[in-house]
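A.B. asks: Coordinates in my_file-v6.pdb, PDB, C-alpha atoms, pLDDT in the B column, are listed below.
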ATOM      1  CA  CYS Y   1     -16.006  24.290  15.664  1.00 65.00           C
ATOM      2  CA  ASP Y   2     -13.852  27.334  16.051  1.00 55.00           C
ATOM      3  CA  SER Y   3     -10.618  26.259  14.431  1.00 49.00           C
ATOM      4  CA  GLU Y   4      -8.462  28.156  11.995  1.00 49.00           C
ATOM      5  CA  PRO Y   5      -5.179  26.943  10.543  1.00 47.00           C
ATOM      6  CA  MET Y   6      -2.292  28.809  12.090  1.00 42.00           C
ATOM      7  CA  GLY Y   7      -0.534  31.166   9.718  1.00 41.00           C
ATOM      8  CA  HIS Y   8      -3.489  31.481   7.364  1.00 47.00           C
ATOM      9  CA  THR Y   9      -5.344  34.706   6.727  1.00 43.00           C
ATOM     10  CA  ARG Y  10      -8.976  34.960   7.740  1.00 46.00           C
ATOM     11  CA  THR Y  11     -11.370  35.006   4.784  1.00 43.00           C
ATOM     12  CA  ALA Y  12     -12.681  38.467   5.734  1.00 43.00           C
ATOM     13  CA  GLU Y  13      -9.166  39.893   5.391  1.00 49.00           C
ATOM     14  CA  LEU Y  14      -8.888  38.680   1.802  1.00 48.00           C
ATOM     15  CA  GLY Y  15     -11.683  40.847   0.479  1.00 52.00           C
ATOM     16  CA  PRO Y  16     -15.297  40.443  -0.592  1.00 55.00           C
ATOM     17  CA  ASN Y  17     -14.541  38.423  -3.754  1.00 58.00           C
ATOM     18  CA  TYR Y  18     -12.671  35.654  -1.930  1.00 63.00           C
ATOM     19  CA  ARG Y  19     -14.859  32.579  -1.453  1.00 71.00           C
ATOM     20  CA  GLY Y  20     -12.451  29.806  -0.520  1.00 92.00           C
ATOM     21  CA  VAL Y  21     -12.345  27.947   2.776  1.00 95.00           C
ATOM     22  CA  TYR Y  22      -9.700  25.741   4.334  1.00 96.00           C
ATOM     23  CA  LEU Y  23     -10.708  22.165   5.101  1.00 97.00           C
ATOM     24  CA  PRO Y  24      -8.800  20.893   8.149  1.00 97.00           C
ATOM     25  CA  GLY Y  25     -11.152  17.889   8.419  1.00 97.00           C
ATOM     26  CA  LEU Y  26     -10.657  16.681   4.845  1.00 98.00           C
ATOM     27  CA  TRP Y  27      -7.934  14.142   5.622  1.00 97.00           C
ATOM     28  CA  SER Y  28      -9.997  12.533   8.407  1.00 97.00           C
ATOM     29  CA  ALA Y  29     -13.082  12.389   6.198  1.00 97.00           C
ATOM     30  CA  ARG Y  30     -11.082  10.799   3.379  1.00 98.00           C
ATOM     31  CA  MET Y  31      -9.622   8.226   5.767  1.00 97.00           C
ATOM     32  CA  ALA Y  32     -13.113   7.406   7.077  1.00 96.00           C
ATOM     33  CA  ALA Y  33     -14.264   6.884   3.484  1.00 97.00           C
ATOM     34  CA  ASP Y  34     -11.250   4.626   2.834  1.00 98.00           C
ATOM     35  CA  LEU Y  35     -10.225   6.513  -0.318  1.00 98.00           C
ATOM     36  CA  THR Y  36      -6.797   7.434  -1.647  1.00 98.00           C
ATOM     37  CA  GLN Y  37      -6.104  10.993  -2.738  1.00 98.00           C
ATOM     38  CA  ARG Y  38      -6.147   9.804  -6.335  1.00 98.00           C
ATOM     39  CA  GLU Y  39      -9.527   8.045  -5.903  1.00 98.00           C
ATOM     40  CA  LEU Y  40     -11.078  11.106  -4.260  1.00 98.00           C
ATOM     41  CA  ALA Y  41      -9.687  13.355  -6.971  1.00 98.00           C
ATOM     42  CA  ALA Y  42     -11.182  11.151  -9.682  1.00 98.00           C
ATOM     43  CA  ALA Y  43     -14.545  11.158  -7.895  1.00 98.00           C
ATOM     44  CA  ILE Y  44     -14.718  14.964  -7.952  1.00 98.00           C
ATOM     45  CA  GLY Y  45     -13.124  15.515 -11.365  1.00 98.00           C
ATOM     46  CA  SER Y  46      -9.848  16.880 -10.013  1.00 98.00           C
ATOM     47  CA  ASN Y  47      -6.298  15.621  -9.578  1.00 98.00           C
ATOM     48  CA  GLN Y  48      -4.268  14.130  -6.743  1.00 98.00           C
ATOM     49  CA  ALA Y  49      -2.114  17.256  -6.345  1.00 98.00           C
ATOM     50  CA  THR Y  50      -5.198  19.367  -5.591  1.00 98.00           C
ATOM     51  CA  ILE Y  51      -6.378  16.950  -2.898  1.00 98.00           C
ATOM     52  CA  HIS Y  52      -2.888  16.978  -1.388  1.00 98.00           C
ATOM     53  CA  GLN Y  53      -2.877  20.799  -1.312  1.00 97.00           C
ATOM     54  CA  LEU Y  54      -6.360  20.934   0.225  1.00 97.00           C
ATOM     55  CA  GLU Y  55      -5.416  18.432   2.937  1.00 97.00           C
ATOM     56  CA  ARG Y  56      -2.170  20.254   3.786  1.00 97.00           C
ATOM     57  CA  LEU Y  57      -4.075  23.582   3.920  1.00 95.00           C
ATOM     58  CA  LEU Y  58      -1.955  24.948   1.093  1.00 96.00           C
ATOM     59  CA  ARG Y  59      -5.064  25.720  -0.930  1.00 95.00           C
ATOM     60  CA  ALA Y  60      -8.569  26.853  -0.059  1.00 96.00           C
ATOM     61  CA  ALA Y  61     -11.610  25.165  -1.588  1.00 97.00           C
ATOM     62  CA  TYR Y  62     -14.433  26.975  -3.313  1.00 94.00           C
ATOM     63  CA  PRO Y  63     -18.053  26.151  -2.385  1.00 93.00           C
ATOM     64  CA  LYS Y  64     -18.540  24.037  -5.523  1.00 95.00           C
ATOM     65  CA  THR Y  65     -15.510  21.931  -4.578  1.00 96.00           C
ATOM     66  CA  VAL Y  66     -16.746  21.547  -1.003  1.00 96.00           C
ATOM     67  CA  ARG Y  67     -20.091  20.269  -2.319  1.00 96.00           C
ATOM     68  CA  LYS Y  68     -18.348  17.747  -4.596  1.00 98.00           C
ATOM     69  CA  LEU Y  69     -16.110  16.579  -1.757  1.00 98.00           C
ATOM     70  CA  CYS Y  70     -19.088  16.150   0.570  1.00 97.00           C
ATOM     71  CA  ALA Y  71     -20.922  14.070  -2.021  1.00 98.00           C
ATOM     72  CA  ALA Y  72     -17.889  11.874  -2.728  1.00 98.00           C
ATOM     73  CA  LEU Y  73     -17.120  11.376   0.969  1.00 98.00           C
ATOM     74  CA  ASP Y  74     -20.734  11.086   2.130  1.00 97.00           C
ATOM     75  CA  ALA Y  75     -19.941  13.874   4.592  1.00 97.00           C
ATOM     76  CA  GLU Y  76     -21.393  17.165   5.769  1.00 96.00           C
ATOM     77  CA  PRO Y  77     -19.525  20.453   5.237  1.00 96.00           C
ATOM     78  CA  VAL Y  78     -18.887  20.740   8.974  1.00 96.00           C
ATOM     79  CA  ASP Y  79     -16.996  17.430   8.790  1.00 96.00           C
ATOM     80  CA  LEU Y  80     -14.539  19.039   6.378  1.00 97.00           C
ATOM     81  CA  LEU Y  81     -14.421  22.462   7.993  1.00 95.00           C
ATOM     82  CA  CYS Y  82     -13.607  21.165  11.469  1.00 93.00           C
ATOM     83  CA  ALA Y  83     -10.581  19.075  12.274  1.00 84.00           C
ATOM     84  CA  GLU Y  84     -11.368  15.866  14.121  1.00 70.00           C
ATOM     85  CA  GLY Y  85     -11.105  16.428  17.839  1.00 47.00           C
ATOM     86  CA  ALA Y  86     -11.494  20.212  17.550  1.00 45.00           C
ATOM     87  CA  GLU Y  87     -13.047  21.709  20.635  1.00 42.00           C
ATOM     88  CA  GLU Y  88     -16.535  23.136  20.361  1.00 43.00           C
ATOM     89  CA  GLU Y  89     -18.003  25.882  22.484  1.00 39.00           C
TER      90      GLU Y  89
END
As structure tokens, please, write out the structure in this file.

C.D. replies:
Amino acid sequence: CDSEPMGHTRTAELGPNYRGVYLPGLWSARMAADLTQRELAAAIGSNQATIHQLERLLRAAYPKTVRKLCAALDAEPVDLLCAEGAEEE
């Protein structure tokens, strides 16, 4: 996929120490797994507010969080990184 949330800075512009990524496909993956935000948060050792922020693209996720989310949702990273229906080249 080649999608980037509008209004968000590209990772490269944030500097070499920035390692977070936005997850526009997180909501769809959570819906497919039939989990609430609270249930997903509990599964990854986080809280509901964090899941809300990740889904609304208000917060970027670190690689460790992406791995935990993938395990809890039985998903691949690309499922979280690409919004459902995003066009591919």

A.B. asks: Atom CA of Gln37 of chain Y and atom CA of Glu55 of chain Y are how many Å apart?

C.D. replies: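 Answer for the atom CA of Gln37 of chain Y to atom CA of Glu55 of chain Y separation: 9.4 Å.
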
A.B. asks: At a cut-off of 9 Å, using only C-alpha atoms, what residues contact Ala49 of chain Y? Leave out same-chain residues fewer than 5 positions from it and give the result as a list in words.

C.D. replies: Gln37, Arg38, Ala41 and Leu54 of chain Y

A.B. asks: Identify the residues around (-11.7, 27.8, -1.8) within a radius of 10 Å, measuring from all atoms listed in the file in the coordinates stated by the file, and give them as a list in words.

C.D. replies: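 Protein and nucleic acid residues near the point are Thr11, Tyr18, Arg19, Gly20, Val21, Tyr22, Leu23, Leu54, Arg59, Ala60, Ala61, Tyr62, Pro63, Lys64, Thr65 and Val66 of chain Y.
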
A.B. asks: Which value, in Å to one decimal, gives the distance between atom CA of Arg30 of chain Y and atom CA of Asp79 of chain Y?

C.D. replies: 10.4 Å

A.B. asks: Y:Ala32, Y:Pro24, Y:Asn47, Y:Ala42: which is nearest Ala75 of chain Y, counting only C-alpha atoms?

C.D. replies: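 Of Y:Ala32, Y:Pro24, Y:Asn47, Y:Ala42, the one nearest Ala75 of chain Y, counting only C-alpha atoms, is Y:Ala32.
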
A.B. asks: Counting only C-alpha atoms, find the residues whose atoms lie at most 8 Å from (-14.9, 18.8, 9.0) (file coordinates) and write them out as a PyMOL selection string.

C.D. replies: chain Y and resi 23-26+28-29+76-84

A.B. asks: Write the residues of the preceding selection, restricted to C-alpha atoms, as a compact mmCIF listing (two decimals), keeping the file's coordinate frame.

C.D. replies:
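Output (result.txt):
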# COMPACT_ATOMS: atom_id res chain seq x y z
CA LEU Y 23 -10.71 22.16 5.10
CA PRO Y 24 -8.80 20.89 8.15
CA GLY Y 25 -11.15 17.89 8.42
CA LEU Y 26 -10.66 16.68 4.84
CA SER Y 28 -10.00 12.53 8.41
CA ALA Y 29 -13.08 12.39 6.20
CA GLU Y 76 -21.39 17.16 5.77
CA PRO Y 77 -19.52 20.45 5.24
CA VAL Y 78 -18.89 20.74 8.97
CA ASP Y 79 -17.00 17.43 8.79
CA LEU Y 80 -14.54 19.04 6.38
CA LEU Y 81 -14.42 22.46 7.99
CA CYS Y 82 -13.61 21.16 11.47
CA ALA Y 83 -10.58 19.08 12.27
CA GLU Y 84 -11.37 15.87 14.12

A.B. asks: Work out how far apart atom CA of Asp34 of chain Y and atom CA of Leu69 of chain Y are and give it in Å to one decimal.

C.D. replies: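 Computing the Euclidean distance for atom CA of Asp34 of chain Y and atom CA of Leu69 of chain Y yields 13.7 Å.
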
A.B. asks: Pick from Y:Arg67, Y:Gln53, Y:Leu58, Y:Leu73: nearest to Leu40 of chain Y, with all atoms listed in the file counted?

C.D. replies: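 Residue with the minimum atom-to-atom distance to Leu40 of chain Y: Y:Leu73.
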